[in-house]
Every structure is written in C-alpha cells, then in structure tokens.
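Below is the file start19.txt, which contains compact mmCIF, C-alpha atoms.
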# COMPACT_ATOMS: atom_id res chain seq x y z
CA MET X 1 14.79 -7.18 12.57
CA VAL X 2 16.16 -3.76 13.51
CA GLU X 3 13.76 -1.42 15.32
CA ARG X 4 14.17 2.35 15.30
CA ILE X 5 12.08 4.63 17.47
CA PHE X 6 11.75 8.32 16.63
CA ALA X 7 10.89 10.52 19.61
CA GLY X 8 10.31 14.19 20.20
CA PRO X 9 7.72 16.66 18.89
CA ILE X 10 5.37 15.36 16.19
CA ASP X 11 6.99 17.33 13.37
CA GLU X 12 10.45 16.19 14.46
CA GLN X 13 9.38 12.55 14.54
CA LEU X 14 7.90 12.85 11.05
CA ARG X 15 10.93 14.62 9.59
CA ASP X 16 13.38 12.16 11.17
CA ALA X 17 11.43 9.11 9.99
CA LEU X 18 11.14 10.48 6.45
CA SER X 19 14.82 11.39 6.43
CA TYR X 20 15.77 7.87 7.51
CA ILE X 21 13.62 6.32 4.78
CA LYS X 22 14.94 8.69 2.12
CA ASN X 23 18.59 8.13 3.02
CA ASN X 24 18.52 4.42 3.84
CA ILE X 25 15.63 2.82 1.97
CA ILE X 26 14.93 4.70 -1.25
CA ALA X 27 17.05 3.51 -4.17
CA GLU X 28 17.09 4.40 -7.85
CA LYS X 29 18.08 2.50 -10.97
CA ILE X 30 18.90 4.08 -14.30
CA PHE X 31 18.38 2.18 -17.54
CA LYS X 32 19.62 3.13 -20.98
CA ILE X 33 17.10 2.28 -23.70
CA ALA X 34 18.43 1.46 -27.16
CA GLY X 35 17.46 4.09 -29.72
CA GLN X 36 16.40 6.57 -27.07
CA ALA X 37 18.37 9.59 -25.90
CA GLU X 38 16.88 9.83 -22.43
CA ALA X 39 17.62 7.22 -19.79
CA VAL X 40 14.81 5.72 -17.73
CA ARG X 41 14.92 6.26 -13.96
CA VAL X 42 12.84 4.18 -11.54
CA LYS X 43 12.85 4.02 -7.77
CA ASN X 44 12.18 1.04 -5.55
CA TYR X 45 9.49 3.13 -3.83
CA SER X 46 8.04 6.53 -4.57
CA TYR X 47 9.36 8.72 -1.77
CA GLU X 48 6.60 11.26 -2.48
CA ALA X 49 3.97 8.58 -1.87
CA ILE X 50 5.59 7.42 1.38
CA GLU X 51 5.79 11.05 2.51
CA GLU X 52 2.05 11.50 1.91
CA PHE X 53 1.00 8.22 3.54
CA LEU X 54 3.19 8.69 6.62
CA SER X 55 2.17 12.34 7.04
CA ASN X 56 -1.49 11.33 6.81
CA ALA X 57 -0.91 8.60 9.41
CA ILE X 58 0.55 11.17 11.83
CA TYR X 59 -2.26 13.61 11.05
CA HIS X 60 -5.20 11.21 11.41
CA LYS X 61 -4.13 8.87 14.24
CA SER X 62 -5.85 9.09 17.60
CA TYR X 63 -3.71 10.71 20.27
CA GLN X 64 -6.01 9.32 22.94
CA LEU X 65 -4.73 5.84 22.07
CA HIS X 66 -1.16 5.15 23.11
CA GLU X 67 -0.31 3.28 19.92
CA PRO X 68 2.52 4.52 17.72
CA VAL X 69 2.46 4.86 13.97
CA THR X 70 4.57 1.97 12.69
CA VAL X 71 6.49 1.57 9.46
CA ARG X 72 7.43 -2.02 8.66
CA ILE X 73 10.04 -2.37 5.91
CA GLU X 74 10.33 -5.79 4.31
CA ALA X 75 12.22 -7.10 1.30
CA ASP X 76 9.36 -6.49 -1.12
CA LYS X 77 7.06 -3.97 0.56
CA ILE X 78 6.61 -1.18 3.10
CA GLU X 79 3.64 -1.23 5.47
CA ILE X 80 2.50 1.89 7.34
CA THR X 81 -0.03 1.32 10.14
CA SER X 82 -1.86 3.73 12.44
CA THR X 83 -4.80 3.57 14.85
CA PRO X 84 -7.70 3.86 14.60
CA GLY X 85 -8.93 3.35 11.04
CA PRO X 86 -10.71 5.79 8.70
CA ASP X 87 -13.86 7.62 9.81
CA ARG X 88 -17.04 5.61 9.16
CA SER X 89 -18.25 8.31 6.79
CA ILE X 90 -15.66 6.84 4.39
CA THR X 91 -17.11 3.67 2.89
CA ASP X 92 -15.30 0.45 2.02
CA ASP X 93 -15.76 1.29 -1.67
CA ASP X 94 -14.17 4.70 -1.05
CA ILE X 95 -11.15 3.00 0.51
CA ARG X 96 -10.89 0.45 -2.28
CA ASN X 97 -11.05 3.19 -4.91
CA TYR X 98 -8.61 5.49 -3.05
CA GLN X 99 -11.36 8.14 -2.63
CA MET X 100 -10.95 8.86 1.07
CA ARG X 101 -12.65 12.22 1.51
CA THR X 102 -14.38 13.41 4.64
CA ARG X 103 -15.34 16.65 6.38
CA ARG X 104 -14.71 15.12 9.78
CA TYR X 105 -11.17 15.93 10.83
CA ARG X 106 -9.84 13.92 13.76
CA ASN X 107 -7.02 16.35 14.65
CA ARG X 108 -7.80 19.71 13.08
CA ARG X 109 -5.29 21.67 15.19
CA ILE X 110 -2.52 19.16 14.50
CA GLY X 111 -3.43 19.35 10.82
CA ASP X 112 -3.16 23.14 10.88
CA PHE X 113 0.22 22.84 12.61
CA LEU X 114 1.55 20.39 10.01
CA LYS X 115 0.17 22.55 7.20
CA GLU X 116 2.08 25.57 8.49
CA LEU X 117 5.24 23.45 8.33
CA HIS X 118 4.31 22.37 4.77
CA LEU X 119 4.22 18.72 5.82
CA VAL X 120 0.56 18.16 4.83
CA GLU X 121 -1.97 20.00 2.69
CA GLY X 122 -5.08 19.11 4.67
CA ARG X 123 -7.50 19.26 1.76
CA ASN X 124 -8.15 15.54 1.24
CA THR X 125 -5.42 15.55 -1.41
CA GLY X 126 -2.92 13.25 0.30
CA ILE X 127 -4.12 9.90 -1.08
CA PRO X 128 -4.64 11.13 -4.69
CA THR X 129 -1.18 12.73 -4.61
CA ALA X 130 0.38 9.48 -3.37
CA ILE X 131 -1.41 7.36 -5.98
CA ARG X 132 -0.33 9.71 -8.75
CA ALA X 133 3.31 9.53 -7.61
CA ILE X 134 3.18 5.73 -7.49
CA LYS X 135 1.76 5.53 -11.02
CA GLU X 136 4.38 7.93 -12.33
CA ASN X 137 7.10 5.66 -10.95
CA GLY X 138 5.48 2.65 -12.64
CA SER X 139 5.01 0.84 -9.32
CA PRO X 140 2.15 -1.49 -8.31
CA LEU X 141 -0.76 0.23 -6.60
CA PRO X 142 -0.83 0.05 -2.79
CA LEU X 143 -3.18 -2.09 -0.73
CA LEU X 144 -5.31 -0.18 1.81
CA LEU X 145 -6.48 -2.31 4.73
CA THR X 146 -8.79 -1.81 7.69
CA ASP X 147 -11.17 -4.04 9.64
CA GLU X 148 -14.91 -3.98 10.22
CA ASN X 149 -14.50 -1.99 13.44
CA ARG X 150 -12.11 0.49 11.82
CA SER X 151 -9.66 -0.19 14.63
CA PHE X 152 -6.59 0.35 12.44
CA PHE X 153 -5.50 1.48 8.98
CA SER X 154 -2.62 -0.04 7.03
CA VAL X 155 -1.09 0.95 3.72
CA ILE X 156 0.97 -1.77 2.01
CA ILE X 157 3.25 -0.34 -0.68
CA PRO X 158 4.78 -3.02 -2.97
CA ILE X 159 8.31 -2.52 -4.25
CA HIS X 160 8.84 -1.63 -7.92
CA GLU X 161 9.14 -4.85 -9.90
CA ALA X 162 12.51 -3.81 -11.36
CA PHE X 163 14.01 -4.28 -7.88
CA LEU X 164 12.73 -7.82 -7.31
CA ASN X 165 15.41 -9.61 -9.27
CA GLU X 166 18.03 -9.02 -11.94
CA LYS X 167 15.94 -10.76 -14.61
CA ASN X 168 13.23 -8.13 -14.29
CA ILE X 169 15.84 -5.37 -14.35
CA ASN X 170 17.40 -6.61 -17.58
CA ASN X 171 14.00 -6.92 -19.23
CA ILE X 172 13.00 -3.28 -18.72
CA SER X 173 11.83 -1.90 -22.05
CA VAL X 174 10.74 1.36 -23.59
CA SER X 175 7.31 0.91 -22.01
CA THR X 176 8.89 1.88 -18.69
CA VAL X 177 8.91 5.47 -19.90
CA ASP X 178 5.15 5.31 -20.22
CA LYS X 179 3.20 6.30 -17.13
CA THR X 180 0.73 3.54 -17.95
CA VAL X 181 3.23 0.69 -17.58
CA PRO X 182 1.34 -2.54 -16.68
CA LYS X 183 1.38 -3.43 -12.98
CA ARG X 184 2.52 -7.06 -13.41
CA ARG X 185 3.09 -9.02 -10.26
CA THR X 186 4.61 -12.45 -9.81
CA LYS X 187 2.45 -15.23 -8.42
CA GLU X 188 4.40 -15.13 -5.17
CA GLN X 189 3.69 -11.41 -4.82
CA ILE X 190 -0.01 -11.96 -5.44
CA LYS X 191 -0.10 -14.79 -2.90
CA LYS X 192 1.53 -12.60 -0.26
CA LEU X 193 -0.96 -9.80 -0.89
CA ILE X 194 -3.86 -12.27 -0.67
CA LEU X 195 -2.61 -13.60 2.68
CA ASP X 196 -2.02 -10.06 3.99
CA ALA X 197 -5.57 -9.04 3.06
CA LEU X 198 -7.18 -12.16 4.53
CA SER X 199 -5.24 -11.79 7.77
CA VAL X 200 -7.45 -8.73 8.42
CA GLU X 201 -10.89 -10.06 7.46
CA SER X 202 -12.63 -12.64 5.29
CA VAL X 203 -13.78 -11.33 1.91
CA SER X 204 -15.15 -12.68 -1.35
CA THR X 205 -12.82 -13.47 -4.22
CA ASN X 206 -14.17 -10.57 -6.30
CA GLU X 207 -13.76 -8.13 -3.41
CA LEU X 208 -10.26 -9.43 -2.74
CA TYR X 209 -9.34 -8.98 -6.39
CA LYS X 210 -10.44 -5.33 -6.26
CA ARG X 211 -8.58 -4.71 -3.01
CA LEU X 212 -5.38 -5.78 -4.70
CA GLY X 213 -5.83 -2.86 -7.08
CA TYR X 214 -7.29 -4.72 -10.05
CA SER X 215 -10.49 -4.08 -11.96
CA GLY X 216 -12.89 -6.24 -13.96
CA ASN X 217 -13.23 -9.99 -13.52
CA ALA X 218 -10.62 -11.98 -11.61
CA SER X 219 -7.74 -12.97 -13.86
CA LYS X 220 -6.65 -16.53 -14.51
CA THR X 221 -3.40 -15.89 -12.61
CA PHE X 222 -5.27 -14.56 -9.57
CA ARG X 223 -7.67 -17.53 -9.55
CA SER X 224 -4.70 -19.87 -9.85
CA CYS X 225 -3.03 -18.22 -6.84
CA VAL X 226 -6.23 -18.65 -4.80
CA GLU X 227 -6.51 -22.33 -5.70
CA GLU X 228 -2.84 -22.96 -4.89
CA LEU X 229 -3.21 -21.32 -1.48
CA ILE X 230 -6.28 -23.49 -0.83
CA ASP X 231 -4.32 -26.60 -1.84
CA GLU X 232 -1.53 -25.52 0.52
CA GLY X 233 -4.07 -25.23 3.36
CA LYS X 234 -3.35 -21.54 3.95
CA ILE X 235 -6.82 -20.31 3.00
CA ARG X 236 -10.25 -21.89 2.48
CA TYR X 237 -13.79 -20.98 1.52
CA ALA X 238 -15.98 -19.91 4.44
CA ALA X 239 -18.47 -22.75 3.81
CA GLU X 240 -17.92 -26.31 2.69
CA SER X 241 -19.58 -25.54 -0.61
CA LYS X 242 -18.00 -22.81 -2.70
CA GLN X 243 -21.48 -21.73 -3.81
CA ASP X 244 -22.89 -21.66 -0.27
CA SER X 245 -20.03 -19.41 0.92
CA ASN X 246 -20.64 -16.77 -1.78
CA ASN X 247 -16.95 -17.27 -2.60
CA VAL X 248 -15.92 -15.78 0.77
CA LEU X 249 -12.32 -16.70 1.59
CA VAL X 250 -10.86 -17.25 5.07
CA ARG X 251 -7.23 -17.43 6.10
CA THR X 252 -6.46 -20.62 8.03
CA ARG X 253 -2.67 -20.54 8.62
CA TYR X 254 -0.53 -17.61 9.82

Structure translated into structure tokens:
Amino acid sequence: MVERIFAGPIDEQLRDALSYIKNNIIAEKIFKIAGQAEAVRVKNYSYEAIEEFLSNAIYHKSYQLHEPVTVRIEADKIEITSTPGPDRSITDDDIRNYQMRTRRYRNRRIGDFLKELHLVEGRNTGIPTAIRAIKENGSPLPLLLTDENRSFFSVIIPIHEAFLNEKNINNISVSTVDKTVPKRRTKEQIKKLILDALSVESVSTNELYKRLGYSGNASKTFRSCVEELIDEGKIRYAAESKQDSNNVLVRTRY
C-alpha cells in the first residue's frame, strides 16, 4: 500500500489531496446506447461527492486531537475517516438518513476561512450535495459509520458498479441515463459492507440493512449474505438463540 501525506496549511492540504484524487483516482467511461444520440458517461466515483465529504472532514475534525484525516482507497471503495464523530445532537437515525444538521459548529472560524476560499458552504448542505451527486452518477449510496462514543466518523463510498468488471460494463443499458438507476450490488460487495459495519459495533439485522442504504424489509439477497457469513464463522448472533438476541449481529473474525 502506498501512503501519501499532505502537509502545509489546511487549505493547501485539502486542495492537494483533492487534486491527487481527481488526477489519479477518478476515471470515466463512455457508453454508446443503441438508438440514442447521446452517449452515457459514468465515473468510478463522484468527484463532487468526495470533495464534499473530504472538505467536511477537514472542517469538522477536532484540532485538539492529533489524528489526521485519512483517505483509504481500495479496489472497490474509498473510505474517509476523521476524529471525533458527529455531535451528539445528531441522532443515529439522522446519520442513517443522511440528515446531519446541527447548530453546534466545532470549528466556526475554520469554517469561515474555508467558506471564503469557496471550499465549503457551511450551511449544513455538504451531505445532501454529496448524496445528490452520487445519485446523479448512478452509484451506490455511501455508508456512514460512527461508534457509540462518537469517537470517529467514516464515510465509505462504493465504486460505481460499471467499474467492477467488464461484464457489468458491457451490460449497461438505457436505464443508466436515468438518475433513478437501481443500486444493485453483488453478494461479495454486500458481504464486505456488512463486515465493515459490524467491525464498528454490533447492530440488528434490520438496522444493518438500513445502514447499507436500503429501505423496507431485508431482501432475500441480504439475508442470504448474512447466513453465509454466519456459516463462514465471520459473524454470529449476539445470543445463542436468534430470538433472544433481537437479531443483533456481532463480528467474530477480522
């Protein structure tokens, strides 16, 4: 794994990190759809969303804690982590529903400085802007993670499915043009997201399903992924009886 450290003033660090991501990580694919004049363009990640999430991380981190903002780039996702986590006035439901609004600003003067440089807006619009950009690119919704003590905050951004393998690329259809393209994930992707979420804290199956960006009752595919991970010994129910545990899942292997 290659590590890059960006030093200097806050604004310089942010600009350099974003420039590196834009020039070295962001990729675009263009698809010609039969019977349609306009080509379809999709990116592996929405740069606009990464810009918002990383700017927010710089804005809201604690500068009393000597912990850097980290950006971990893997084959199928980008994870941005900062410390500490969201203010306690923001509930777990707010985080799950991407409604992270608060009147308590951790670094108001830094926020004003970044606003003057047009790097942030500072009006609780960062997360909605990022989510909108991700949806417009047809990418899976991100996973927002924190722990009970709000000691950290992580944003896991999955790669666009068209970049996972050539089979997915060749099967792109007209629906890609639609901004409501279904967020279909492979079972391996779902398993990875389940393990990532449970590495932070134990949660019920229904809560876990929502944290992965889904709504309604857990799908058959999701339930199948949970059962397979249990069979593999990677996760388990908190109690011996599934009913006694209130379906709370625990990660057992890392």

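Minimum atom-to-atom distance to X:Val40, evaluated using all atoms listed in the file, belongs to X:Ala162 out of X:Ile21, X:Ile26, X:Ala162, X:Val71.
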
Which one is closest to X:Ala133: X:Ser219, X:Ser46, X:Ser224, X:Asn24? Count only C-alpha atoms.
->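 Counting only C-alpha atoms, the residue closest to X:Ala133 is X:Ser46.
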
Would you list the contacts of X:Phe153 as number ranges by chain, taking every protein, DNA or RNA residue within 9 Å and counting all atoms listed in the file, but skipping same-chain residues closer than 5 positions in sequence?
-> X: 57, 80-86, 144-147

Distance atom CA of X:Lys187-atom CA of X:Pro142, one decimal place?
->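 Separation of atom CA of X:Lys187 and atom CA of X:Pro142: 16.6 Å.
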
By how many Å are atom CA of X:Arg211 and atom CA of X:Thr252 apart?
->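 If I compute the distance from atom CA of X:Arg211 to atom CA of X:Thr252, I get 19.5 Å.
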
For atom CA of X:His66 and atom CA of X:Ser151, the interatomic separation in Å (one decimal) = 13.1 Å

Contacts of X:Leu208 at 12 Å (only C-alpha atoms; same-chain gap of 2+ positions) as a count of residues only | 37

Top pick for closest residue to X:Asn56, considering X:Ala75, X:Val69, X:Cys225, X:Ile30 and counting all atoms listed in the file |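 Going through X:Ala75, X:Val69, X:Cys225, X:Ile30 one by one, the smallest distance to X:Asn56 is for X:Val69.
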
All residues 10 Å or closer to X:Glu28, only C-alpha atoms, same chain fewer than 3 positions away omitted, as a list in words |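 The residues that qualify are Arg41, Val42, Lys43, Asn44, Tyr45, Ser46 and Phe163 of chain X.
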
Would you output that residue set with C-alpha atoms, as a PDB file, keeping the file's coordinate frame?
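File selection.pdb, as written:
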ATOM      1  CA  ARG X  41      14.920   6.260 -13.960  1.00  0.00           C
ATOM      2  CA  VAL X  42      12.840   4.180 -11.540  1.00  0.00           C
ATOM      3  CA  LYS X  43      12.850   4.020  -7.770  1.00  0.00           C
ATOM      4  CA  ASN X  44      12.180   1.040  -5.550  1.00  0.00           C
ATOM      5  CA  TYR X  45       9.490   3.130  -3.830  1.00  0.00           C
ATOM      6  CA  SER X  46       8.040   6.530  -4.570  1.00  0.00           C
ATOM      7  CA  PHE X 163      14.010  -4.280  -7.880  1.00  0.00           C
TER       8      PHE X 163
END

Which one is closest to X:Ile25: X:Glu52, X:Glu232, X:Leu141, X:Ile159? Count all atoms listed in the file.
-> X:Ile159

X:Arg150, X:Ile5, X:Phe53, X:Asp87: which is nearest X:Ile127, counting all atoms listed in the file?
-> X:Phe53

Pick from X:Asn23, X:Gln64, X:Thr70, X:Thr129 nearest to X:Glu51, counting all atoms listed in the file |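 Looking at the shortest contact to X:Glu51, the residue is X:Thr129.
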